[in-house]
>>> print(open('my_file.pdb').read())   # PDB, C-alpha atoms
ATOM      1  CA  MET S   1       0.000   0.000   0.000  1.00  0.00           C
ATOM      2  CA  SER S   2       1.232   3.511  -0.811  1.00  0.00           C
ATOM      3  CA  ASP S   3       3.063   5.469   1.877  1.00  0.00           C
ATOM      4  CA  LYS S   4       0.989   8.493   0.801  1.00  0.00           C
ATOM      5  CA  VAL S   5      -2.233   7.033   2.205  1.00  0.00           C
ATOM      6  CA  LEU S   6      -3.693   9.239   4.942  1.00  0.00           C
ATOM      7  CA  ILE S   7      -5.502   7.705   7.916  1.00  0.00           C
ATOM      8  CA  GLU S   8      -8.217   9.621   9.743  1.00  0.00           C
ATOM      9  CA  ILE S   9      -9.521   8.231  13.021  1.00  0.00           C
ATOM     10  CA  CYS S  10     -13.003   8.940  14.338  1.00  0.00           C
ATOM     11  CA  ALA S  11     -12.519   9.803  18.019  1.00  0.00           C
ATOM     12  CA  GLY S  12     -15.639   9.685  20.162  1.00  0.00           C
ATOM     13  CA  SER S  13     -13.835  10.483  23.411  1.00  0.00           C
ATOM     14  CA  VAL S  14     -10.750  12.255  24.674  1.00  0.00           C
ATOM     15  CA  GLU S  15      -9.149   8.859  25.337  1.00  0.00           C
ATOM     16  CA  SER S  16      -9.731   7.817  21.710  1.00  0.00           C
ATOM     17  CA  ALA S  17      -8.239  11.077  20.459  1.00  0.00           C
ATOM     18  CA  ILE S  18      -5.133  10.600  22.612  1.00  0.00           C
ATOM     19  CA  ALA S  19      -4.756   6.990  21.436  1.00  0.00           C
ATOM     20  CA  ALA S  20      -5.131   8.020  17.780  1.00  0.00           C
ATOM     21  CA  ALA S  21      -2.465  10.699  18.143  1.00  0.00           C
ATOM     22  CA  LYS S  22      -0.082   8.286  19.871  1.00  0.00           C
ATOM     23  CA  GLY S  23      -0.836   5.568  17.315  1.00  0.00           C
ATOM     24  CA  GLY S  24       0.301   7.640  14.369  1.00  0.00           C
ATOM     25  CA  ALA S  25      -2.997   8.736  12.806  1.00  0.00           C
ATOM     26  CA  HIS S  26      -2.652  11.658  10.429  1.00  0.00           C
ATOM     27  CA  ARG S  27      -5.910  13.309  11.470  1.00  0.00           C
ATOM     28  CA  ILE S  28      -8.815  12.835  13.865  1.00  0.00           C
ATOM     29  CA  GLU S  29     -12.519  13.552  13.568  1.00  0.00           C
ATOM     30  CA  LEU S  30     -13.838  14.577  16.965  1.00  0.00           C
ATOM     31  CA  CYS S  31     -17.413  13.615  17.776  1.00  0.00           C
ATOM     32  CA  SER S  32     -19.633  12.387  20.585  1.00  0.00           C
ATOM     33  CA  ALA S  33     -22.379   9.750  20.820  1.00  0.00           C
ATOM     34  CA  LEU S  34     -20.888   7.239  18.408  1.00  0.00           C
ATOM     35  CA  SER S  35     -23.785   4.912  19.211  1.00  0.00           C
ATOM     36  CA  GLU S  36     -26.026   7.499  17.506  1.00  0.00           C
ATOM     37  CA  GLY S  37     -23.781   7.693  14.460  1.00  0.00           C
ATOM     38  CA  GLY S  38     -21.829  10.622  15.875  1.00  0.00           C
ATOM     39  CA  LEU S  39     -22.902  14.063  17.091  1.00  0.00           C
ATOM     40  CA  THR S  40     -21.154  17.383  17.690  1.00  0.00           C
ATOM     41  CA  PRO S  41     -18.543  17.094  20.490  1.00  0.00           C
ATOM     42  CA  SER S  42     -18.357  19.450  23.433  1.00  0.00           C
ATOM     43  CA  GLN S  43     -16.398  22.692  23.251  1.00  0.00           C
ATOM     44  CA  GLY S  44     -14.205  21.396  26.041  1.00  0.00           C
ATOM     45  CA  MET S  45     -13.284  18.302  24.052  1.00  0.00           C
ATOM     46  CA  ILE S  46     -12.309  20.420  21.034  1.00  0.00           C
ATOM     47  CA  GLU S  47     -10.247  22.763  23.202  1.00  0.00           C
ATOM     48  CA  TYR S  48      -8.457  19.861  24.904  1.00  0.00           C
ATOM     49  CA  ALA S  49      -7.546  18.240  21.589  1.00  0.00           C
ATOM     50  CA  LYS S  50      -6.198  21.452  20.078  1.00  0.00           C
ATOM     51  CA  THR S  51      -4.300  22.399  23.222  1.00  0.00           C
ATOM     52  CA  ASN S  52      -2.770  19.033  24.069  1.00  0.00           C
ATOM     53  CA  LEU S  53      -2.580  16.905  20.912  1.00  0.00           C
ATOM     54  CA  LYS S  54      -0.302  17.571  17.964  1.00  0.00           C
ATOM     55  CA  ILE S  55      -2.635  16.225  15.312  1.00  0.00           C
ATOM     56  CA  ARG S  56      -4.917  17.815  12.736  1.00  0.00           C
ATOM     57  CA  THR S  57      -8.433  17.936  14.130  1.00  0.00           C
ATOM     58  CA  GLN S  58     -11.744  17.896  12.292  1.00  0.00           C
ATOM     59  CA  VAL S  59     -14.959  18.539  14.236  1.00  0.00           C
ATOM     60  CA  LEU S  60     -18.259  16.843  13.433  1.00  0.00           C
ATOM     61  CA  ILE S  61     -21.131  19.310  13.131  1.00  0.00           C
ATOM     62  CA  ARG S  62     -24.313  17.295  13.603  1.00  0.00           C
ATOM     63  CA  PRO S  63     -26.901  18.546  16.118  1.00  0.00           C
ATOM     64  CA  ARG S  64     -28.971  15.364  16.345  1.00  0.00           C
ATOM     65  CA  ALA S  65     -29.266  11.783  15.173  1.00  0.00           C
ATOM     66  CA  GLY S  66     -31.552  10.790  12.334  1.00  0.00           C
ATOM     67  CA  ASP S  67     -31.867  12.281   8.879  1.00  0.00           C
ATOM     68  CA  PHE S  68     -29.894  15.207   7.462  1.00  0.00           C
ATOM     69  CA  ASN S  69     -32.768  17.532   6.621  1.00  0.00           C
ATOM     70  CA  TYR S  70     -32.516  20.147   9.347  1.00  0.00           C
ATOM     71  CA  SER S  71     -34.922  22.768  10.654  1.00  0.00           C
ATOM     72  CA  ARG S  72     -34.100  26.481  10.719  1.00  0.00           C
ATOM     73  CA  ALA S  73     -33.350  26.250  14.438  1.00  0.00           C
ATOM     74  CA  GLU S  74     -31.003  23.283  13.903  1.00  0.00           C
ATOM     75  CA  HIS S  75     -29.255  25.141  11.092  1.00  0.00           C
ATOM     76  CA  ASP S  76     -28.681  28.071  13.451  1.00  0.00           C
ATOM     77  CA  ILE S  77     -27.206  25.686  16.025  1.00  0.00           C
ATOM     78  CA  MET S  78     -24.870  24.245  13.381  1.00  0.00           C
ATOM     79  CA  LYS S  79     -23.647  27.728  12.493  1.00  0.00           C
ATOM     80  CA  SER S  80     -22.991  28.470  16.156  1.00  0.00           C
ATOM     81  CA  ASP S  81     -21.104  25.169  16.570  1.00  0.00           C
ATOM     82  CA  ILE S  82     -18.949  25.961  13.519  1.00  0.00           C
ATOM     83  CA  PHE S  83     -18.102  29.362  15.005  1.00  0.00           C
ATOM     84  CA  SER S  84     -17.131  27.693  18.294  1.00  0.00           C
ATOM     85  CA  ALA S  85     -14.973  25.063  16.542  1.00  0.00           C
ATOM     86  CA  LYS S  86     -13.172  27.759  14.551  1.00  0.00           C
ATOM     87  CA  ALA S  87     -12.618  29.856  17.679  1.00  0.00           C
ATOM     88  CA  ARG S  88     -10.953  26.869  19.355  1.00  0.00           C
ATOM     89  CA  GLY S  89      -8.555  26.297  16.491  1.00  0.00           C
ATOM     90  CA  ALA S  90     -10.155  23.336  14.711  1.00  0.00           C
ATOM     91  CA  ASP S  91      -8.503  22.548  11.387  1.00  0.00           C
ATOM     92  CA  GLY S  92     -11.774  21.596   9.725  1.00  0.00           C
ATOM     93  CA  ILE S  93     -15.375  20.561  10.118  1.00  0.00           C
ATOM     94  CA  VAL S  94     -17.354  17.518   9.000  1.00  0.00           C
ATOM     95  CA  VAL S  95     -20.912  18.347   7.995  1.00  0.00           C
ATOM     96  CA  GLY S  96     -23.686  17.567   5.530  1.00  0.00           C
ATOM     97  CA  MET S  97     -27.205  18.758   4.722  1.00  0.00           C
ATOM     98  CA  MET S  98     -29.695  17.087   2.394  1.00  0.00           C
ATOM     99  CA  ASN S  99     -33.070  18.019   0.963  1.00  0.00           C
ATOM    100  CA  THR S 100     -36.009  15.647   1.402  1.00  0.00           C
ATOM    101  CA  ASP S 101     -35.780  14.676  -2.292  1.00  0.00           C
ATOM    102  CA  GLY S 102     -32.290  13.236  -1.835  1.00  0.00           C
ATOM    103  CA  THR S 103     -30.377  16.177  -3.309  1.00  0.00           C
ATOM    104  CA  VAL S 104     -27.686  18.183  -1.516  1.00  0.00           C
ATOM    105  CA  ASP S 105     -29.010  21.261   0.302  1.00  0.00           C
ATOM    106  CA  THR S 106     -26.570  23.570  -1.479  1.00  0.00           C
ATOM    107  CA  CYS S 107     -28.327  26.763  -0.404  1.00  0.00           C
ATOM    108  CA  ARG S 108     -27.857  26.284   3.328  1.00  0.00           C
ATOM    109  CA  MET S 109     -24.553  24.430   2.898  1.00  0.00           C
ATOM    110  CA  LYS S 110     -23.167  27.596   1.282  1.00  0.00           C
ATOM    111  CA  GLU S 111     -23.854  29.470   4.511  1.00  0.00           C
ATOM    112  CA  LEU S 112     -21.998  26.842   6.514  1.00  0.00           C
ATOM    113  CA  MET S 113     -19.086  26.874   4.052  1.00  0.00           C
ATOM    114  CA  GLU S 114     -18.771  30.662   4.331  1.00  0.00           C
ATOM    115  CA  MET S 115     -18.794  30.489   8.121  1.00  0.00           C
ATOM    116  CA  ALA S 116     -16.226  27.655   8.147  1.00  0.00           C
ATOM    117  CA  PHE S 117     -13.692  29.403   5.884  1.00  0.00           C
ATOM    118  CA  PRO S 118     -10.683  29.019   5.938  1.00  0.00           C
ATOM    119  CA  MET S 119     -11.134  25.637   7.658  1.00  0.00           C
ATOM    120  CA  GLN S 120     -11.375  22.532   5.505  1.00  0.00           C
ATOM    121  CA  VAL S 121     -14.834  21.025   5.054  1.00  0.00           C
ATOM    122  CA  THR S 122     -15.638  17.322   4.701  1.00  0.00           C
ATOM    123  CA  PHE S 123     -19.129  16.410   3.504  1.00  0.00           C
ATOM    124  CA  HIS S 124     -19.988  13.419   5.675  1.00  0.00           C
ATOM    125  CA  ARG S 125     -21.985  10.249   5.052  1.00  0.00           C
ATOM    126  CA  ALA S 126     -25.202  12.172   4.494  1.00  0.00           C
ATOM    127  CA  PHE S 127     -23.804  11.781   0.979  1.00  0.00           C
ATOM    128  CA  ASP S 128     -24.807   8.113   1.109  1.00  0.00           C
ATOM    129  CA  MET S 129     -28.458   9.170   1.338  1.00  0.00           C
ATOM    130  CA  SER S 130     -28.285  10.987  -2.016  1.00  0.00           C
ATOM    131  CA  ARG S 131     -30.585   9.859  -4.839  1.00  0.00           C
ATOM    132  CA  ASP S 132     -27.737  10.088  -7.357  1.00  0.00           C
ATOM    133  CA  PRO S 133     -24.181   9.929  -5.952  1.00  0.00           C
ATOM    134  CA  PHE S 134     -22.581  11.454  -9.037  1.00  0.00           C
ATOM    135  CA  GLU S 135     -25.044  14.348  -9.100  1.00  0.00           C
ATOM    136  CA  ALA S 136     -24.398  14.856  -5.374  1.00  0.00           C
ATOM    137  CA  MET S 137     -20.629  14.746  -5.867  1.00  0.00           C
ATOM    138  CA  GLU S 138     -20.793  17.483  -8.498  1.00  0.00           C
ATOM    139  CA  ALA S 139     -22.925  19.641  -6.200  1.00  0.00           C
ATOM    140  CA  ILE S 140     -20.469  19.150  -3.334  1.00  0.00           C
ATOM    141  CA  ILE S 141     -17.520  19.985  -5.578  1.00  0.00           C
ATOM    142  CA  GLY S 142     -19.376  23.139  -6.605  1.00  0.00           C
ATOM    143  CA  LEU S 143     -19.701  24.115  -2.942  1.00  0.00           C
ATOM    144  CA  GLY S 144     -15.926  23.934  -2.518  1.00  0.00           C
ATOM    145  CA  CYS S 145     -15.803  21.057  -0.032  1.00  0.00           C
ATOM    146  CA  HIS S 146     -12.406  19.401   0.336  1.00  0.00           C
ATOM    147  CA  ARG S 147     -13.556  15.779   0.660  1.00  0.00           C
ATOM    148  CA  ILE S 148     -16.508  13.411   0.781  1.00  0.00           C
ATOM    149  CA  LEU S 149     -16.785  10.675   3.407  1.00  0.00           C
ATOM    150  CA  THR S 150     -18.689   7.716   1.987  1.00  0.00           C
ATOM    151  CA  SER S 151     -19.329   3.999   2.333  1.00  0.00           C
ATOM    152  CA  GLY S 152     -20.392   3.877  -1.306  1.00  0.00           C
ATOM    153  CA  GLN S 153     -24.092   3.947  -0.341  1.00  0.00           C
ATOM    154  CA  ALA S 154     -23.662   0.517   1.268  1.00  0.00           C
ATOM    155  CA  PRO S 155     -23.570  -0.738   4.881  1.00  0.00           C
ATOM    156  CA  SER S 156     -19.747  -0.793   4.735  1.00  0.00           C
ATOM    157  CA  ALA S 157     -17.005   0.628   2.537  1.00  0.00           C
ATOM    158  CA  MET S 158     -16.048  -2.864   1.390  1.00  0.00           C
ATOM    159  CA  ALA S 159     -19.610  -3.533   0.258  1.00  0.00           C
ATOM    160  CA  GLY S 160     -19.664  -0.203  -1.560  1.00  0.00           C
ATOM    161  CA  ALA S 161     -16.108  -0.441  -2.920  1.00  0.00           C
ATOM    162  CA  SER S 162     -17.098  -0.535  -6.597  1.00  0.00           C
ATOM    163  CA  LEU S 163     -19.074   2.715  -6.347  1.00  0.00           C
ATOM    164  CA  ILE S 164     -16.287   4.319  -4.305  1.00  0.00           C
ATOM    165  CA  ALA S 165     -13.787   3.376  -7.012  1.00  0.00           C
ATOM    166  CA  GLU S 166     -15.972   5.007  -9.668  1.00  0.00           C
ATOM    167  CA  LEU S 167     -16.361   8.138  -7.545  1.00  0.00           C
ATOM    168  CA  VAL S 168     -12.583   8.336  -7.072  1.00  0.00           C
ATOM    169  CA  ARG S 169     -12.091   7.990 -10.825  1.00  0.00           C
ATOM    170  CA  LYS S 170     -14.645  10.637 -11.751  1.00  0.00           C
ATOM    171  CA  ALA S 171     -13.566  13.032  -9.004  1.00  0.00           C
ATOM    172  CA  GLY S 172      -9.948  13.043 -10.126  1.00  0.00           C
ATOM    173  CA  SER S 173      -8.093  15.859  -8.381  1.00  0.00           C
ATOM    174  CA  ARG S 174     -11.227  17.964  -7.858  1.00  0.00           C
ATOM    175  CA  ILE S 175     -12.151  16.502  -4.465  1.00  0.00           C
ATOM    176  CA  VAL S 176     -10.945  13.733  -2.149  1.00  0.00           C
ATOM    177  CA  ILE S 177     -13.219  10.690  -1.904  1.00  0.00           C
ATOM    178  CA  MET S 178     -12.573   9.184   1.530  1.00  0.00           C
ATOM    179  CA  PRO S 179     -13.962   5.676   2.204  1.00  0.00           C
ATOM    180  CA  GLY S 180     -15.373   5.077   5.678  1.00  0.00           C
ATOM    181  CA  GLY S 181     -17.491   2.421   7.355  1.00  0.00           C
ATOM    182  CA  GLY S 182     -16.248  -0.899   8.680  1.00  0.00           C
ATOM    183  CA  ILE S 183     -12.628  -0.280   7.667  1.00  0.00           C
ATOM    184  CA  ASN S 184      -9.923  -1.914   9.789  1.00  0.00           C
ATOM    185  CA  ALA S 185      -6.384  -3.258   9.528  1.00  0.00           C
ATOM    186  CA  SER S 186      -7.588  -6.509   7.932  1.00  0.00           C
ATOM    187  CA  ASN S 187      -9.332  -4.942   4.936  1.00  0.00           C
ATOM    188  CA  LEU S 188      -7.586  -1.589   4.445  1.00  0.00           C
ATOM    189  CA  ALA S 189      -5.027  -2.859   1.919  1.00  0.00           C
ATOM    190  CA  GLU S 190      -7.688  -4.617  -0.150  1.00  0.00           C
ATOM    191  CA  LEU S 191      -9.903  -1.531  -0.136  1.00  0.00           C
ATOM    192  CA  PHE S 192      -6.967   0.609  -1.256  1.00  0.00           C
ATOM    193  CA  THR S 193      -6.286  -1.780  -4.137  1.00  0.00           C
ATOM    194  CA  ILE S 194      -9.929  -1.674  -5.275  1.00  0.00           C
ATOM    195  CA  THR S 195     -10.637   2.034  -4.859  1.00  0.00           C
ATOM    196  CA  HIS S 196      -7.255   3.768  -5.235  1.00  0.00           C
ATOM    197  CA  ALA S 197      -8.432   6.227  -2.594  1.00  0.00           C
ATOM    198  CA  SER S 198      -5.753   8.316  -0.877  1.00  0.00           C
ATOM    199  CA  GLU S 199      -7.507   8.903   2.461  1.00  0.00           C
ATOM    200  CA  PHE S 200      -9.364   6.441   4.695  1.00  0.00           C
ATOM    201  CA  HIS S 201     -11.632   6.962   7.706  1.00  0.00           C
ATOM    202  CA  LEU S 202     -11.477   4.384  10.528  1.00  0.00           C
ATOM    203  CA  SER S 203     -13.269   4.233  13.845  1.00  0.00           C
ATOM    204  CA  ALA S 204     -10.479   2.066  15.324  1.00  0.00           C
ATOM    205  CA  THR S 205     -12.670   0.758  18.091  1.00  0.00           C
ATOM    206  CA  THR S 206      -9.909  -1.679  19.022  1.00  0.00           C
TER
END
>>> encode(input="my_file.pdb", output="C-alpha cells")
Amino acid sequence: MSDKVLIEICAGSVESAIAAAKGGAHRIELCSALSEGGLTPSQGMIEYAKTNLKIRTQVLIRPRAGDFNYSRAEHDIMKSDIFSAKARGADGIVVGMMNTDGTVDTCRMKELMEMAFPMQVTFHRAFDMSRDPFEAMEAIIGLGCHRILTSGQAPSAMAGASLIAELVRKAGSRIVIMPGGGINASNLAELFTITHASEFHLSATT
C-alpha cells in the first residue's frame, strides 16, 4: 500500500483522540455519541484536543441523530457550533445537509461553508443518502468542499467499494473521496487496491 495514504480516526472520546495521536494517525474527527452515528462534540473536548494533541483535528457538526434535513433552528445551532470550533482552532469541520428529495441542500450548505472558511470542510456520510451519488458529488464539488466521506451507499465501505472506485475515478483531483465504514487493519489494503483512494476513515474501536 502507498506510503501516501492518509488515515483519519473517528474519536468519540478524549481517550480515543489521545490513542489516535499516539498511534500515528494523520488526522482525527472529533465527535460524541458514536452509538447514535456521531454528534457534535463538546467545546471542552475540542479545546483539549487542540491544546494538548499535535494532530490535525476535524470537528463533526451534527446537532442530532436521524436524517440530514434540518430545521431552521437546527441550522442556526450548526452555524454556532462551527463558530465555536473555529474559535478553538479546529482545522476543519465535518458536515452535511440534504433536501427531502435526496439532493444536496446547497443553499444552506453555502452558509456553513462561508462560516467555516478558511477551515477545511468534509461532507460526511449524508452523501450516502443521495438519490444520485454522481449528481451529489458534483454539487459538493461546486460548494468547494475538500472531501466526501462515503461507504459507497452501502452498509460498509467494502460492500460499496465498486461505487467508491468510480467516484474516485470521476472526481480526479477535484475533491478527495474518503472511504469510511467498517474499515480496519484486515481490509484496508484490499480496499486501497480496489478504490485507489488516498484517504481512509477508521473508527479504530480496538
>>> atom_distance(input="my_file.pdb", atom1="atom CA of S:Ala11", atom2="atom CA of S:Leu30")
5.1 Å
>>> resolve_selection(input="my_file.pdb", expression="the PyMOL selection byres ((chain S and resi 175) around 12)", output="ChimeraX atom specification")
/S:120-123,137-149,167-174,176-178,197-199
>>> closest_residue(input="my_file.pdb", among="S:Ala85, S:Met113, S:Leu39, S:Ile183", to="S:Gln58", atoms="only C-alpha atoms")
S:Ala85
>>> closest_residue(input="my_file.pdb", among="S:His201, S:His75, S:Lys54, S:Arg88", to="S:Gly24", atoms="all atoms listed in the file")
S:Lys54
>>> atom_distance(input="my_file.pdb", atom1="atom CA of S:Pro41", atom2="atom CA of S:Ile164")
28.0 Å
>>> closest_residue(input="my_file.pdb", among="S:Phe127, S:Leu163, S:Gly37, S:Ile61", to="S:Glu74", atoms="all atoms listed in the file")
S:Ile61
>>> atom_distance(input="my_file.pdb", atom1="atom CA of S:Arg62", atom2="atom CA of S:Phe83")
13.6 Å
>>> axis_aligned_box(input="my_file.pdb", around="stretch 60-65 of chain S", padding_each_side="6 Å", output="JSON")
{"center_x": -23.8, "center_y": 15.5, "center_z": 14.7, "size_x": 23.0, "size_y": 19.5, "size_z": 15.2}
>>> decode(input="my_file.pdb", residues="stretch 46-57 of chain S", atoms="all heavy atoms", output="tab-separated table (two decimals), in the first residue's frame")
chain	number	residue	atom	x	y	z
S	46	ILE	N	-13.04	19.79	22.14
S	46	ILE	CA	-12.31	20.42	21.03
S	46	ILE	C	-11.11	21.18	21.58
S	46	ILE	O	-9.99	21.06	21.06
S	46	ILE	CB	-13.22	21.38	20.25
S	46	ILE	CG1	-14.42	20.64	19.67
S	46	ILE	CG2	-12.44	22.08	19.14
S	46	ILE	CD1	-15.52	21.56	19.14
S	47	GLU	N	-11.32	21.96	22.62
S	47	GLU	CA	-10.25	22.76	23.20
S	47	GLU	C	-9.12	21.88	23.74
S	47	GLU	O	-7.93	22.19	23.55
S	47	GLU	CB	-10.81	23.64	24.32
S	47	GLU	CG	-9.84	24.70	24.80
S	47	GLU	CD	-10.53	25.75	25.66
S	47	GLU	OE1	-11.75	25.98	25.48
S	47	GLU	OE2	-9.85	26.34	26.50
S	48	TYR	N	-9.48	20.77	24.37
S	48	TYR	CA	-8.46	19.86	24.90
S	48	TYR	C	-7.61	19.30	23.77
S	48	TYR	O	-6.38	19.28	23.85
S	48	TYR	CB	-9.09	18.72	25.68
S	48	TYR	CG	-8.05	17.77	26.26
S	48	TYR	CD1	-7.54	17.97	27.53
S	48	TYR	CD2	-7.54	16.71	25.51
S	48	TYR	CE1	-6.56	17.15	28.05
S	48	TYR	CE2	-6.56	15.88	26.01
S	48	TYR	CZ	-6.07	16.10	27.28
S	48	TYR	OH	-5.08	15.28	27.77
S	49	ALA	N	-8.27	18.84	22.71
S	49	ALA	CA	-7.55	18.24	21.59
S	49	ALA	C	-6.59	19.23	20.95
S	49	ALA	O	-5.43	18.90	20.67
S	49	ALA	CB	-8.53	17.71	20.55
S	50	LYS	N	-7.05	20.46	20.73
S	50	LYS	CA	-6.20	21.45	20.08
S	50	LYS	C	-5.10	21.96	20.99
S	50	LYS	O	-4.04	22.37	20.51
S	50	LYS	CB	-7.05	22.62	19.57
S	50	LYS	CG	-7.94	22.27	18.39
S	50	LYS	CD	-7.15	21.67	17.23
S	50	LYS	CE	-6.06	22.61	16.71
S	50	LYS	NZ	-5.26	21.99	15.63
S	51	THR	N	-5.31	21.91	22.27
S	51	THR	CA	-4.30	22.40	23.22
S	51	THR	C	-3.25	21.34	23.52
S	51	THR	O	-2.06	21.66	23.67
S	51	THR	CB	-4.97	22.83	24.54
S	51	THR	OG1	-5.92	23.86	24.26
S	51	THR	CG2	-3.93	23.36	25.53
S	52	ASN	N	-3.66	20.08	23.57
S	52	ASN	CA	-2.77	19.03	24.07
S	52	ASN	C	-2.29	18.02	23.04
S	52	ASN	O	-1.32	17.30	23.30
S	52	ASN	CB	-3.48	18.28	25.20
S	52	ASN	CG	-3.78	19.17	26.39
S	52	ASN	OD1	-2.90	19.47	27.19
S	52	ASN	ND2	-5.02	19.62	26.50
S	53	LEU	N	-2.94	17.93	21.89
S	53	LEU	CA	-2.58	16.91	20.91
S	53	LEU	C	-2.03	17.54	19.65
S	53	LEU	O	-2.63	18.46	19.09
S	53	LEU	CB	-3.81	16.05	20.56
S	53	LEU	CG	-4.52	15.38	21.74
S	53	LEU	CD1	-5.73	14.60	21.24
S	53	LEU	CD2	-3.58	14.48	22.52
S	54	LYS	N	-0.91	17.05	19.19
S	54	LYS	CA	-0.30	17.57	17.96
S	54	LYS	C	-0.79	16.74	16.77
S	54	LYS	O	-0.05	15.92	16.22
S	54	LYS	CB	1.22	17.54	18.08
S	54	LYS	CG	1.77	18.47	19.15
S	54	LYS	CD	3.28	18.43	19.24
S	54	LYS	CE	3.79	19.39	20.29
S	54	LYS	NZ	5.28	19.36	20.40
S	55	ILE	N	-2.03	16.95	16.42
S	55	ILE	CA	-2.64	16.22	15.31
S	55	ILE	C	-3.73	17.09	14.71
S	55	ILE	O	-4.41	17.84	15.43
S	55	ILE	CB	-3.21	14.87	15.80
S	55	ILE	CG1	-3.67	14.01	14.62
S	55	ILE	CG2	-4.33	15.07	16.81
S	55	ILE	CD1	-4.00	12.58	15.00
S	56	ARG	N	-3.87	17.03	13.40
S	56	ARG	CA	-4.92	17.82	12.74
S	56	ARG	C	-6.29	17.32	13.20
S	56	ARG	O	-6.52	16.11	13.29
S	56	ARG	CB	-4.78	17.72	11.22
S	56	ARG	CG	-3.53	18.41	10.69
S	56	ARG	CD	-3.52	18.48	9.18
S	56	ARG	NE	-4.59	19.32	8.65
S	56	ARG	CZ	-4.55	20.65	8.60
S	56	ARG	NH1	-3.49	21.31	9.08
S	56	ARG	NH2	-5.55	21.34	8.07
S	57	THR	N	-7.16	18.26	13.49
S	57	THR	CA	-8.43	17.94	14.13
S	57	THR	C	-9.62	18.47	13.35
S	57	THR	O	-9.74	19.68	13.14
S	57	THR	CB	-8.46	18.51	15.56
S	57	THR	OG1	-7.35	17.97	16.30
S	57	THR	CG2	-9.76	18.16	16.27
